[in-house]
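Novice: Structure file coords.cif (mmCIF, C-alpha atoms) right here:
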```
data_final
#
loop_
_atom_site.label_atom_id
_atom_site.label_comp_id
_atom_site.auth_asym_id
_atom_site.auth_seq_id
_atom_site.Cartn_x
_atom_site.Cartn_y
_atom_site.Cartn_z
CA MET A 1 -17.27 -1.17 -14.08
CA LEU A 2 -20.97 -0.65 -14.82
CA THR A 3 -20.88 -3.51 -17.34
CA LEU A 4 -19.28 -5.79 -14.78
CA LEU A 5 -21.92 -4.83 -12.24
CA LEU A 6 -24.77 -5.60 -14.65
CA LEU A 7 -23.26 -8.95 -15.59
CA ALA A 8 -22.79 -9.79 -11.95
CA HIS A 9 -26.44 -9.11 -11.15
CA ALA A 10 -27.53 -11.08 -14.22
CA HIS A 11 -25.69 -14.15 -12.96
CA ALA A 12 -26.57 -13.68 -9.27
CA ALA A 13 -23.01 -12.93 -8.24
CA GLU A 14 -21.98 -11.30 -4.98
CA VAL A 15 -20.96 -7.69 -5.54
CA GLY A 16 -19.19 -5.30 -3.22
CA GLY A 17 -16.92 -2.34 -3.45
CA TYR A 18 -15.69 1.02 -2.27
CA PHE A 19 -15.56 4.56 -3.58
CA ARG A 20 -14.38 7.97 -2.58
CA LEU A 21 -14.59 11.19 -4.56
CA MET A 22 -14.03 14.80 -3.76
CA ALA A 23 -14.07 18.38 -5.01
CA ARG A 24 -11.19 20.38 -3.55
CA PRO A 25 -10.82 24.03 -4.49
CA ASP A 26 -7.16 24.79 -3.77
CA LEU A 27 -6.73 28.15 -2.04
CA VAL A 28 -3.00 28.49 -2.66
CA GLY A 29 -2.23 26.75 -5.93
CA GLY A 30 -1.98 22.99 -6.19
CA ASP A 31 -3.77 19.94 -7.50
CA GLY A 32 -6.19 19.40 -4.63
CA ARG A 33 -4.10 17.43 -2.12
CA LEU A 34 -2.91 18.99 1.09
CA GLY A 35 0.46 17.23 1.18
CA THR A 36 2.60 14.90 -0.87
CA SER A 37 1.42 11.56 0.58
CA PRO A 38 -0.85 9.85 3.15
CA PHE A 39 2.21 9.70 5.43
CA TYR A 40 0.63 12.78 7.04
CA GLY A 41 -2.71 11.00 7.44
CA ARG A 42 -4.90 9.84 4.57
CA LEU A 43 -7.48 12.61 5.06
CA LEU A 44 -7.07 15.30 2.36
CA ASN A 45 -3.85 13.62 1.14
CA GLU A 46 -5.47 11.05 -1.15
CA GLY A 47 -7.34 11.30 -4.42
CA PRO A 48 -10.48 9.70 -5.84
CA TRP A 49 -10.74 5.93 -5.89
CA GLY A 50 -13.20 3.30 -7.02
CA LEU A 51 -13.15 -0.44 -6.34
CA LEU A 52 -15.50 -3.20 -7.43
CA ASP A 53 -15.37 -6.81 -6.21
CA VAL A 54 -17.38 -9.44 -8.07
CA ARG A 55 -17.56 -12.98 -6.72
CA GLN A 56 -19.23 -15.51 -8.99
CA SER A 57 -20.08 -18.95 -7.61
CA LEU A 58 -19.09 -21.69 -10.07
CA VAL A 59 -19.95 -24.78 -8.05
CA LYS A 60 -22.43 -24.43 -5.20
CA GLY A 61 -21.44 -27.06 -2.68
CA GLY A 62 -23.02 -27.90 0.63
CA PRO A 63 -21.37 -27.95 4.06
CA ASP A 64 -19.16 -30.89 3.08
CA ALA A 65 -19.49 -30.83 -0.73
CA PRO A 66 -16.86 -29.31 -3.03
CA TRP A 67 -17.41 -25.71 -4.07
CA GLY A 68 -15.70 -23.21 -6.36
CA ALA A 69 -15.87 -19.47 -7.03
CA LEU A 70 -14.22 -16.82 -9.18
CA THR A 71 -13.35 -13.39 -7.77
CA LEU A 72 -12.56 -10.30 -9.83
CA ARG A 73 -11.42 -6.93 -8.48
CA VAL A 74 -11.23 -3.80 -10.63
CA GLU A 75 -9.97 -0.57 -9.07
CA GLY A 76 -8.47 2.77 -9.97
CA GLY A 77 -8.28 6.47 -9.27
CA ALA A 78 -10.09 8.07 -12.20
CA VAL A 79 -13.43 9.87 -12.01
CA GLY A 80 -15.15 12.33 -14.34
CA ASN A 81 -14.19 15.96 -13.55
CA GLY A 82 -12.06 14.71 -10.65
CA ASP A 83 -8.64 13.81 -12.08
CA PRO A 84 -6.35 14.75 -15.01
CA THR A 85 -7.73 11.92 -17.19
CA ASN A 86 -11.32 13.13 -16.64
CA GLY A 87 -12.45 9.65 -15.65
CA SER A 88 -10.68 7.63 -18.33
CA LEU A 89 -10.98 3.88 -17.77
CA LEU A 90 -7.25 3.70 -18.49
CA GLY A 91 -6.91 4.70 -14.84
CA PHE A 92 -8.38 1.36 -13.74
CA ARG A 93 -6.84 -2.09 -13.62
CA VAL A 94 -7.73 -5.67 -12.79
CA SER A 95 -5.83 -5.82 -9.51
CA GLN A 96 -7.10 -9.25 -8.44
CA LEU A 97 -8.41 -12.26 -10.34
CA TYR A 98 -8.44 -15.66 -8.67
CA LEU A 99 -10.26 -18.96 -8.37
CA THR A 100 -11.02 -20.43 -4.95
CA ALA A 101 -12.23 -23.91 -4.09
CA GLY A 102 -12.97 -25.83 -0.93
CA ASN A 103 -13.80 -29.29 0.45
CA LEU A 104 -11.35 -30.87 -1.98
CA GLY A 105 -8.89 -32.31 0.49
CA PRO A 106 -7.91 -31.61 4.08
CA ALA A 107 -10.73 -30.28 6.22
CA HIS A 108 -11.02 -26.51 6.75
CA THR A 109 -8.76 -25.84 3.74
CA THR A 110 -9.44 -23.37 0.92
CA TRP A 111 -7.37 -23.50 -2.27
CA ARG A 112 -6.68 -20.44 -4.38
CA PHE A 113 -5.11 -19.91 -7.80
CA GLY A 114 -4.42 -16.55 -9.44
CA THR A 115 -3.44 -13.37 -7.65
CA LEU A 116 -2.53 -13.95 -4.01
CA GLU A 117 -2.62 -11.72 -0.95
CA THR A 118 -2.55 -12.16 2.80
CA THR A 119 -2.41 -9.35 5.32
CA PHE A 120 -2.77 -8.65 9.03
CA GLY A 121 -5.02 -5.67 8.38
CA ASP A 122 -4.34 -2.01 7.70
CA LEU A 123 -3.51 1.18 9.54
CA TRP A 124 -6.54 3.01 8.20
CA LEU A 125 -5.58 6.49 9.34
CA TYR A 126 -2.69 6.22 6.87
CA ASP A 127 -4.44 3.98 4.34
CA ALA A 128 -1.38 1.75 4.78
CA ARG A 129 -1.07 -2.03 4.64
CA PRO A 130 2.56 -2.69 5.57
CA THR A 131 1.99 -6.37 6.41
CA GLN A 132 0.77 -7.34 2.93
CA MET A 133 2.37 -10.57 1.72
CA LEU A 134 2.10 -12.37 -1.62
CA VAL A 135 0.31 -9.35 -3.08
CA ASP A 136 2.78 -9.32 -6.01
CA VAL A 137 2.53 -13.05 -6.74
CA LEU A 138 0.60 -14.94 -9.40
CA GLY A 139 0.40 -18.55 -8.26
CA ALA A 140 -1.35 -20.85 -5.83
CA SER A 141 -2.02 -20.85 -2.10
CA ALA A 142 -3.76 -22.85 0.58
CA THR A 143 -5.54 -21.43 3.62
CA TRP A 144 -6.34 -23.58 6.62
CA ALA A 145 -8.76 -21.93 9.05
CA ASN A 146 -10.27 -23.56 12.12
CA GLY A 147 -11.68 -21.71 15.09
CA GLY A 148 -9.52 -18.66 15.62
CA THR A 149 -6.43 -20.03 13.87
CA GLU A 150 -5.54 -19.31 10.25
CA VAL A 151 -2.54 -20.59 8.29
CA VAL A 152 -1.75 -19.39 4.76
CA LEU A 153 0.96 -20.80 2.46
CA GLY A 154 1.49 -19.66 -1.11
CA ALA A 155 4.02 -19.58 -3.94
CA GLY A 156 4.32 -18.40 -7.53
CA ASP A 157 5.94 -15.89 -9.86
CA ALA A 158 6.35 -12.20 -8.96
CA GLY A 159 8.32 -11.25 -12.07
CA TRP A 160 5.69 -9.06 -13.71
CA ALA A 161 4.92 -7.12 -10.52
CA VAL A 162 8.58 -6.63 -9.60
CA ARG A 163 10.13 -5.96 -13.03
CA GLY A 164 7.19 -4.71 -15.09
CA ALA A 165 7.76 -4.62 -18.85
CA ARG A 166 11.33 -5.87 -18.31
CA TYR A 167 9.99 -9.18 -17.04
CA HIS A 168 12.34 -11.67 -15.43
CA LEU A 169 11.46 -14.73 -13.42
CA VAL A 170 11.12 -13.97 -9.69
CA VAL A 171 10.20 -17.06 -7.69
CA SER A 172 8.39 -16.08 -4.50
CA ALA A 173 6.89 -17.98 -1.58
CA GLY A 174 5.50 -17.03 1.79
CA GLY A 175 2.60 -17.14 4.15
CA SER A 176 1.36 -16.35 7.61
CA VAL A 177 0.04 -17.81 10.84
CA ARG A 178 -2.55 -15.89 12.85
CA ARG A 179 -4.48 -16.60 16.02
CA LYS A 180 -7.54 -14.48 16.77
CA GLY A 181 -9.49 -14.37 19.99
CA GLU A 182 -12.28 -12.20 21.30
CA HIS A 183 -9.93 -9.67 22.90
CA ALA A 184 -6.54 -10.35 21.33
CA GLU A 185 -4.83 -11.31 18.10
CA VAL A 186 -1.27 -12.32 17.22
CA GLY A 187 0.27 -13.18 13.89
CA ILE A 188 3.58 -13.71 12.12
CA GLY A 189 4.33 -14.07 8.44
CA GLY A 190 6.87 -13.56 5.72
CA GLN A 191 7.77 -13.74 2.07
CA ALA A 192 10.94 -14.51 0.12
CA TRP A 193 11.95 -13.62 -3.46
CA TYR A 194 14.57 -15.35 -5.61
CA GLU A 195 15.86 -14.32 -9.05
CA PRO A 196 18.02 -16.95 -10.75
CA ALA A 197 21.28 -16.21 -12.52
CA ASP A 198 20.01 -17.53 -15.85
CA GLY A 199 21.70 -15.15 -18.25
CA ASP A 200 18.52 -13.24 -19.14
CA PRO A 201 19.65 -9.66 -19.94
CA ASP A 202 16.85 -8.34 -17.71
CA GLY A 203 17.99 -10.48 -14.78
CA PRO A 204 20.39 -9.30 -12.05
CA HIS A 205 23.94 -8.64 -13.28
CA ASP A 206 27.18 -7.23 -11.89
CA THR A 207 29.52 -4.99 -13.87
CA ASP A 208 33.13 -4.94 -12.65
CA GLY A 209 34.39 -1.53 -11.63
CA LEU A 210 30.99 0.13 -11.37
CA THR A 211 30.54 2.24 -8.21
CA LEU A 212 27.64 3.91 -6.46
CA ALA A 213 28.71 7.30 -7.78
CA ASP A 214 28.54 5.97 -11.34
CA LEU A 215 24.83 5.15 -10.98
CA ALA A 216 24.01 8.86 -11.22
CA ASP A 217 25.24 8.93 -14.85
CA PRO A 218 25.53 5.38 -16.23
CA ALA A 219 25.92 6.62 -19.83
CA ALA A 220 29.09 8.55 -18.94
CA TRP A 221 30.57 5.50 -17.23
CA ALA A 222 29.67 3.16 -20.09
CA SER A 223 31.22 5.46 -22.71
CA GLY A 224 34.54 5.35 -20.88
CA HIS A 225 34.49 1.62 -20.15
CA PRO A 226 33.83 -0.37 -23.31
CA GLY A 227 33.52 -4.09 -22.90
CA PRO A 228 31.18 -6.70 -21.44
CA ALA A 229 28.08 -5.35 -19.70
CA GLY A 230 28.56 -7.66 -16.73
CA HIS A 231 28.02 -11.19 -15.52
CA ALA A 232 24.76 -12.74 -14.34
CA THR A 233 24.17 -13.17 -10.64
CA ARG A 234 21.27 -14.17 -8.45
CA GLY A 235 18.96 -11.88 -6.53
CA LEU A 236 17.53 -12.46 -3.05
CA GLY A 237 14.95 -10.55 -1.05
CA TRP A 238 12.80 -11.21 1.99
CA LYS A 239 10.21 -9.72 4.31
CA LEU A 240 9.14 -10.60 7.84
CA ALA A 241 5.93 -9.24 9.37
CA GLY A 242 4.35 -9.48 12.79
CA THR A 243 1.24 -8.12 14.43
CA PHE A 244 -0.26 -7.95 17.89
CA GLY A 245 -3.71 -6.60 18.61
CA PHE A 246 -5.92 -6.31 21.66
CA GLY A 247 -9.09 -4.53 22.68
CA GLY A 248 -12.72 -4.83 23.64
CA ALA A 249 -12.19 -3.57 27.17
CA GLY A 250 -13.42 -0.29 28.60
CA ALA A 251 -12.95 2.64 26.23
CA LEU A 252 -10.47 0.68 24.10
CA ARG A 253 -12.07 -0.64 20.95
CA TRP A 254 -8.85 -2.00 19.46
CA ASN A 255 -5.11 -1.44 19.34
CA ARG A 256 -3.04 -2.90 16.50
CA LEU A 257 0.77 -3.04 16.45
CA GLN A 258 2.58 -4.04 13.25
CA VAL A 259 6.31 -4.59 12.69
CA ILE A 260 7.94 -5.25 9.32
CA VAL A 261 11.58 -5.94 8.44
CA ALA A 262 12.56 -6.42 4.80
CA ARG A 263 15.46 -6.62 2.37
CA ARG A 264 14.66 -5.57 -1.18
CA LEU A 265 15.69 -7.37 -4.33
CA PRO A 266 18.64 -5.81 -6.19
CA ASP A 267 17.91 -3.52 -9.12
CA ALA A 268 17.62 -4.76 -12.67
CA PRO A 269 20.46 -3.76 -15.01
CA LEU A 270 20.64 -0.07 -15.87
CA VAL A 271 20.09 0.78 -19.52
CA ALA A 272 22.30 3.50 -21.02
CA GLU A 273 22.67 4.71 -24.60
CA VAL A 274 26.21 5.16 -25.93
CA GLU A 275 26.62 6.38 -29.52
CA GLY A 276 23.18 5.13 -30.43
CA ALA A 277 23.74 1.66 -28.97
CA GLU A 278 22.02 0.29 -25.86
CA VAL A 279 24.38 -0.71 -23.06
CA ARG A 280 23.31 -2.53 -19.89
CA LEU A 281 25.18 -2.10 -16.62
CA GLY A 282 24.68 -4.55 -13.78
CA ALA A 283 24.28 -2.94 -10.36
CA ALA A 284 23.14 -5.96 -8.33
CA ALA A 285 26.15 -5.92 -5.98
CA LEU A 286 25.57 -2.22 -5.30
CA THR A 287 21.83 -2.53 -4.56
CA ASP A 288 21.43 -5.90 -2.81
CA GLN A 289 21.70 -4.68 0.80
CA ARG A 290 18.80 -2.23 0.97
CA HIS A 291 16.87 -2.90 4.17
CA GLU A 292 13.66 -1.46 5.54
CA LEU A 293 12.18 -1.37 9.05
CA THR A 294 8.61 -0.23 9.63
CA VAL A 295 6.81 -0.06 12.98
CA GLY A 296 3.21 1.11 13.10
CA ASP A 297 0.59 1.28 15.82
CA GLU A 298 -3.04 2.38 15.73
CA VAL A 299 -5.55 2.69 18.55
CA GLU A 300 -9.29 3.36 18.52
CA LEU A 301 -11.10 4.68 21.61
CA VAL A 302 -14.79 5.15 22.36
CA LEU A 303 -14.59 7.95 24.92
CA VAL A 304 -18.34 8.57 25.11
CA PRO A 305 -20.54 5.88 23.50
CA ASP A 306 -22.49 7.17 20.49
CA ARG A 307 -21.01 10.61 21.09
CA LEU A 308 -17.20 10.92 21.04
CA GLU A 309 -14.60 8.66 19.41
CA LEU A 310 -10.88 9.10 18.97
CA ALA A 311 -8.28 7.30 16.84
CA ALA A 312 -4.52 7.79 16.92
CA ALA A 313 -1.71 6.20 14.96
CA ALA A 314 2.03 6.46 14.54
CA ILE A 315 4.50 5.07 12.00
CA PHE A 316 8.28 4.86 12.14
CA GLU A 317 10.23 4.00 8.99
CA HIS A 318 13.96 3.43 8.58
CA ARG A 319 15.55 2.53 5.26
CA PHE A 320 19.27 1.83 5.19
CA ASP A 321 21.88 0.39 2.85
CA PRO A 322 25.17 -0.99 4.24
CA ASP A 323 26.66 -0.76 0.73
CA ASP A 324 26.23 3.02 0.92
CA ARG A 325 27.88 3.83 4.22
CA ARG A 326 28.00 7.56 3.50
CA ALA A 327 24.23 7.61 2.99
CA THR A 328 24.57 9.34 -0.36
CA SER A 329 21.68 7.60 -2.09
CA ALA A 330 17.90 7.87 -1.80
CA THR A 331 17.80 4.40 -0.21
CA TRP A 332 18.61 6.05 3.13
CA ARG A 333 15.59 7.52 4.92
CA THR A 334 14.32 7.84 8.46
CA ALA A 335 10.82 9.13 9.07
CA ALA A 336 8.22 9.26 11.82
CA SER A 337 4.62 10.40 11.76
CA ALA A 338 1.77 10.68 14.24
CA VAL A 339 -1.92 11.29 13.50
CA VAL A 340 -4.85 11.95 15.87
CA ARG A 341 -8.47 12.13 14.73
CA ALA A 342 -11.55 12.81 16.86
CA GLN A 343 -15.23 12.85 15.93
CA LEU A 344 -17.98 14.35 18.06
CA ALA A 345 -21.62 13.54 17.27
CA LEU A 346 -23.98 16.51 17.44
CA THR A 347 -26.97 14.42 16.36
CA PRO A 348 -27.23 10.74 15.34
CA TYR A 349 -26.36 11.79 11.78
CA VAL A 350 -24.25 14.97 12.07
CA SER A 351 -20.76 15.09 13.59
CA LEU A 352 -17.79 17.39 13.93
CA LEU A 353 -14.42 15.99 12.85
CA GLY A 354 -10.95 17.20 13.73
CA GLU A 355 -7.53 15.77 12.84
CA THR A 356 -3.94 16.82 13.30
CA SER A 357 -0.66 15.23 12.27
CA LEU A 358 3.04 15.85 12.72
CA ALA A 359 5.83 14.22 10.73
CA ARG A 360 9.61 14.42 10.38
CA GLU A 361 11.50 12.94 7.43
CA VAL A 362 15.28 12.74 7.25
CA ALA A 363 16.77 11.77 3.90
CA ARG A 364 19.82 12.35 1.72
CA ALA A 365 18.45 15.51 0.12
CA PRO A 366 16.79 17.49 1.48
CA ALA A 367 18.17 16.58 4.87
CA VAL A 368 15.16 17.30 7.11
CA LYS A 369 11.48 17.87 6.34
CA ASP A 370 9.03 18.74 9.12
CA THR A 371 5.32 18.78 8.26
CA TRP A 372 2.28 19.72 10.34
CA GLN A 373 -1.30 19.40 9.14
CA GLY A 374 -4.63 20.36 10.68
CA LYS A 375 -8.07 19.40 9.35
CA ALA A 376 -11.58 20.10 10.60
CA GLY A 377 -15.15 20.03 9.36
CA VAL A 378 -18.62 18.53 9.39
CA VAL A 379 -19.57 14.91 8.66
CA LEU A 380 -23.01 13.71 7.59
CA SER A 381 -23.68 9.97 7.78
CA PRO A 382 -27.02 8.21 7.41
CA ALA A 383 -25.35 5.13 8.98
CA GLY A 384 -25.11 6.88 12.35
CA THR A 385 -22.26 8.05 14.56
CA GLY A 386 -18.66 6.91 14.81
CA LEU A 387 -15.38 7.23 12.95
CA GLY A 388 -16.15 4.15 10.88
CA ALA A 389 -19.70 5.04 9.88
CA ARG A 390 -20.10 4.84 6.09
CA PRO A 391 -21.38 6.29 3.84
CA ALA A 392 -19.95 9.60 4.98
CA LEU A 393 -20.32 13.05 3.42
CA ARG A 394 -17.67 15.51 4.60
CA ALA A 395 -17.11 19.26 4.29
CA LEU A 396 -13.55 19.97 5.45
CA TYR A 397 -10.89 22.65 5.69
CA GLY A 398 -7.22 21.71 5.79
CA VAL A 399 -3.99 23.59 6.42
CA GLN A 400 -0.35 22.49 6.16
CA ARG A 401 2.89 24.05 7.37
CA CYS A 402 6.09 22.48 6.04
CA SER A 403 9.71 23.39 6.71
CA LEU A 404 10.37 23.08 2.96
CA PRO A 405 8.72 25.43 0.46
CA GLY A 406 6.19 24.17 -2.07
CA ALA A 407 5.77 20.77 -0.40
CA TRP A 408 2.46 19.77 -1.95
CA PRO A 409 1.44 18.31 -5.33
CA GLY A 410 1.19 20.83 -8.14
CA ALA A 411 2.71 23.63 -6.06
CA ALA A 412 2.67 26.86 -8.04
CA GLY A 413 4.84 28.88 -5.68
CA GLY A 414 7.45 28.56 -2.99
CA GLY A 415 5.36 29.08 0.13
CA ARG A 416 5.56 26.95 3.25
CA TRP A 417 1.83 27.16 4.01
CA HIS A 418 -0.87 25.34 2.07
CA GLN A 419 -4.62 25.31 2.61
CA LEU A 420 -7.67 23.98 0.82
CA VAL A 421 -11.34 23.08 1.30
CA SER A 422 -12.90 19.78 0.37
CA LEU A 423 -16.37 18.40 -0.29
CA GLU A 424 -16.10 14.60 -0.38
CA ALA A 425 -17.97 11.34 -0.08
CA GLU A 426 -16.81 7.87 0.94
CA ALA A 427 -18.65 4.56 1.18
CA TRP A 428 -18.37 0.79 1.22
CA PHE A 429 -21.12 -1.26 -0.37
#
```
Can you present the structure in this file as structure tokens?

Specialist:
Amino acid sequence: MLTLLLLAHAHAAEVGGYFRLMARPDLVGGDGRLGTSPFYGRLLNEGPWGLLDVRQSLVKGGPDAPWGALTLRVEGGAVGNGDPTNGSLLGFRVSQLYLTAGNLGPAHTTWRFGTLETTFGDLWLYDARPTQMLVDVLGASATWANGGTEVVLGAGDAGWAVRGARYHLVVSAGGSVRRKGEHAEVGIGGQAWYEPADGDPDGPHDTDGLTLADLADPAAWASGHPGPAGHATRGLGWKLAGTFGFGGAGALRWNRLQVIVARRLPDAPLVAEVEGAEVRLGAAALTDQRHELTVGDEVELVLVPDRLELAAAAIFEHRFDPDDRRATSATWRTAASAVVRAQLALTPYVSLLGETSLAREVARAPAVKDTWQGKAGVVLSPAGTGLGARPALRALYGVQRCSLPGAWPGAAGGGRWHQLVSLEAEAWF
């Protein structure tokens, strides 16, 4: 990352980024995270992260002259003395690389080739971006923006992101339409995925006679059913996303509602080993009805200007699979979470922070998981007051009570309580 930064400065590129790092002595026995995921609020439930954006102008056009630029993003969660890899660069990846160009055709249109992404923003208390679209696609897109209206259309191949090393062609297309005003915003978007039935052994297949129960031990089923591994079939998936935001009135800074409905692509063939030979079992017909519903809302309030701010958010998730009517698989899950954070400024640069969260998760096994977390501490920020002031230096204490024992990463025992302290820093630049 340092090399990229030096090269960027040498060629007068635009550079920006983000980092967070922390030291978290664990008081109970764990790996320095209060809970198992940011579903209980991102604070104390996330690890170190670094991100660097480099934007290099290739053609410097005027107001109506063609222009072009290259953007590179490198990010990862490794930092010296702060993660198991001890800061190895293997923990980083080139997450975005794309070329943009403008003034080449229709007015107000920007063209993009490479990695694609469009989103209606994030729910920052959870560090969640449920409305991301085209983030898994390598291809081309066009963005038309005029006034407060933005239209994005894109298409390409999502095979590497979806299937990984077992690459198979996944054609994907989607986009969004958003209208932004001074006090309100509305948007709708979507994405579709299609896998052809082309005979590729890594493509979706169906094996006659295979059942959901057999997926738990595919090798046992394959050993008792010699014969063809299955026939090729197509795969379909889709996602619809909507957002509505409003604010800028009274104590309300902004409220953002996001709704997402999706159907996942079916699984790739299962690989089992029978008597030293590799056997592939097609489970597309058993995994092609997995649906997901996510509803999230986040509100930010300025209760006392330059003194007291409050943010609250809630997420509801429901995953269901009509093919599995007895809800025996992990594809069934219902969960809800609520987070409230407040920050009180003692001076223009020193604040007190408090956060609490409550979550319930209902899944196949274990059936019910209830989690409460509380966090409090001191925040130092040379940028001033407010929940969004960065850089921020925080000294925090966190405690968790879960209905299930050992519900935190690296749990050494079976207790239901977990607590830790954290010294951490976070900044955008």

Novice: Carefully work through the PyMOL selection byres ((chain A and resi 95) around 6) for this structure and note down the residues it includes, as a ChimeraX atom specification.

Specialist: /A:73-74,93-94,96

Novice: Go through segment 268-329 of chain A and flag each residue having an atom no more than 9 Å from segment 249-264 of chain A; for those, report the closest pair of atoms plus their distance in Å to one decimal, using only C-alpha atoms, ordered by chain and rising number, as CSV.

Specialist:
```
residue,atom,partner,partner_atom,distance
A:Thr287,CA,A:Arg264,CA,8.5
A:Asp288,CA,A:Arg264,CA,7.0
A:Gln289,CA,A:Arg263,CA,6.7
A:Arg290,CA,A:Arg263,CA,5.7
A:His291,CA,A:Arg263,CA,4.4
A:Glu292,CA,A:Ala262,CA,5.1
A:Leu293,CA,A:Val261,CA,4.6
A:Thr294,CA,A:Ile260,CA,5.1
A:Val295,CA,A:Val259,CA,4.6
A:Gly296,CA,A:Gln258,CA,5.2
A:Asp297,CA,A:Leu257,CA,4.4
A:Glu298,CA,A:Arg256,CA,5.3
A:Val299,CA,A:Asn255,CA,4.2
A:Glu300,CA,A:Arg253,CA,5.4
A:Leu301,CA,A:Leu252,CA,4.8
A:Val302,CA,A:Ala251,CA,5.0
A:Leu303,CA,A:Ala251,CA,5.7
A:Val304,CA,A:Ala251,CA,8.1
A:Pro305,CA,A:Ala251,CA,8.7
```

Novice: Evaluate the PyMOL selection byres ((chain A and resi 155) around 10) and record the selected residues as a list of chain:residue names, following the chain and residue labels used in the document.

Specialist: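 Applied to this file, the PyMOL selection byres ((chain A and resi 155) around 10) returns A:Phe113, A:Leu116, A:Leu134, A:Val137, A:Leu138, A:Gly139, A:Ala140, A:Ser141, A:Ala142, A:Leu153, A:Gly154, A:Gly156, A:Asp157, A:Ala158, A:Val171, A:Ser172, A:Ala173, A:Gly174, A:Gly175, A:Gln191, A:Ala192, A:Trp193.
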
Novice: Around the point (5.3, 23.8, 4.4) in the file's coordinates, collect all residues with an atom within 10 Å, using only C-alpha atoms, and return them as a PyMOL selection string.

Specialist: chain A and resi 35+369-373+399-408+414-418

Novice: From the set A:Val152, A:Thr243, A:Ala411, A:Thr211, which residue has the shortest atom-to-atom contact distance to Ala184 of chain A, counting all atoms listed in the file?

Specialist: A:Thr243

Novice: What would the selection look like, as an mmCIF file with C-alpha atoms, keeping the file's coordinate frame, if the PyMOL selection byres ((chain A and resi 387) around 7) were run on the coordinates I just shared?

Specialist:
```cif
data_model
loop_
_atom_site.group_PDB
_atom_site.id
_atom_site.type_symbol
_atom_site.label_atom_id
_atom_site.label_comp_id
_atom_site.auth_asym_id
_atom_site.auth_seq_id
_atom_site.Cartn_x
_atom_site.Cartn_y
_atom_site.Cartn_z
ATOM 1 C CA GLU A 309 -14.600 8.660 19.410
ATOM 2 C CA GLN A 343 -15.230 12.850 15.930
ATOM 3 C CA GLY A 386 -18.660 6.910 14.810
ATOM 4 C CA GLY A 388 -16.150 4.150 10.880
ATOM 5 C CA ALA A 389 -19.700 5.040 9.880
#
```

Novice: Mind giving me the straight-line distance from atom CA of Val378 of chain A to atom CA of Asp306 of chain A in Å, one decimal?

Specialist: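 Between atom CA of Val378 of chain A and atom CA of Asp306 of chain A the gap works out to 16.3 Å.
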
Novice: Compare A:Thr334, A:Ser329, A:Thr207, A:Thr109 by their minimum atom-to-atom distance to Glu317 of chain A, counting only C-alpha atoms, and give me the closest one.

Specialist: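 Answer, going by the shortest atom-to-atom distance: A:Thr334.
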
Novice: Quote the spacing between atom CA of Val368 of chain A and atom CA of Leu215 of chain A in Å to one decimal place.

Specialist: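 Distance between the two atoms: 23.8 Å.
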
Novice: Env of Arg179 of chain A: 8 Å cut, atoms = only C-alpha atoms, seq-sep filter 5 positions within chain, self excluded. Answer as a JSON list (two decimals) with C-alpha atoms, in the frame of the given file.

Specialist:
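What follows is the written file out30.json:
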```
[["chain", "number", "residue", "atom", "x", "y", "z"],
["A", 148, "GLY", "CA", -9.52, -18.66, 15.62],
["A", 149, "THR", "CA", -6.43, -20.03, 13.87],
["A", 150, "GLU", "CA", -5.54, -19.31, 10.25],
["A", 185, "GLU", "CA", -4.83, -11.31, 18.10],
["A", 186, "VAL", "CA", -1.27, -12.32, 17.22],
["A", 187, "GLY", "CA", 0.27, -13.18, 13.89]]
```

Novice: Can you work out the spacing between atom CA of Ala338 of chain A and atom CA of Ile315 of chain A in Å, to one decimal?

Specialist: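 Interatomic distance, atom CA of Ala338 of chain A to atom CA of Ile315 of chain A: 6.6 Å.
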
Novice: With N, CA and C atoms as the goal, would you fill in the gaps in segment 327-334 of chain A and present it as a PDB file, in the coordinates of the input?

Specialist:
```pdb
ATOM      1  N   ALA A 327      25.638   7.219   3.132  1.00  0.00           N
ATOM      2  CA  ALA A 327      24.230   7.610   2.990  1.00  0.00           C
ATOM      3  C   ALA A 327      24.042   8.650   1.893  1.00  0.00           C
ATOM      4  N   THR A 328      24.649   8.388   0.742  1.00  0.00           N
ATOM      5  CA  THR A 328      24.570   9.340  -0.360  1.00  0.00           C
ATOM      6  C   THR A 328      23.388   9.090  -1.284  1.00  0.00           C
ATOM      7  N   SER A 329      22.748   7.936  -1.168  1.00  0.00           N
ATOM      8  CA  SER A 329      21.680   7.600  -2.090  1.00  0.00           C
ATOM      9  C   SER A 329      20.309   7.782  -1.437  1.00  0.00           C
ATOM     10  N   ALA A 330      19.270   7.710  -2.289  1.00  0.00           N
ATOM     11  CA  ALA A 330      17.900   7.870  -1.800  1.00  0.00           C
ATOM     12  C   ALA A 330      17.416   6.661  -1.030  1.00  0.00           C
ATOM     13  N   THR A 331      18.217   5.587  -0.966  1.00  0.00           N
ATOM     14  CA  THR A 331      17.800   4.400  -0.210  1.00  0.00           C
ATOM     15  C   THR A 331      17.916   4.620   1.288  1.00  0.00           C
ATOM     16  N   TRP A 332      18.538   5.712   1.707  1.00  0.00           N
ATOM     17  CA  TRP A 332      18.610   6.050   3.130  1.00  0.00           C
ATOM     18  C   TRP A 332      17.470   7.004   3.471  1.00  0.00           C
ATOM     19  N   ARG A 333      16.692   6.656   4.485  1.00  0.00           N
ATOM     20  CA  ARG A 333      15.590   7.520   4.920  1.00  0.00           C
ATOM     21  C   ARG A 333      15.135   7.109   6.300  1.00  0.00           C
ATOM     22  N   THR A 334      14.922   8.073   7.145  1.00  0.00           N
ATOM     23  CA  THR A 334      14.320   7.840   8.460  1.00  0.00           C
ATOM     24  C   THR A 334      13.163   8.814   8.607  1.00  0.00           C
TER      25      THR A 334
END
```
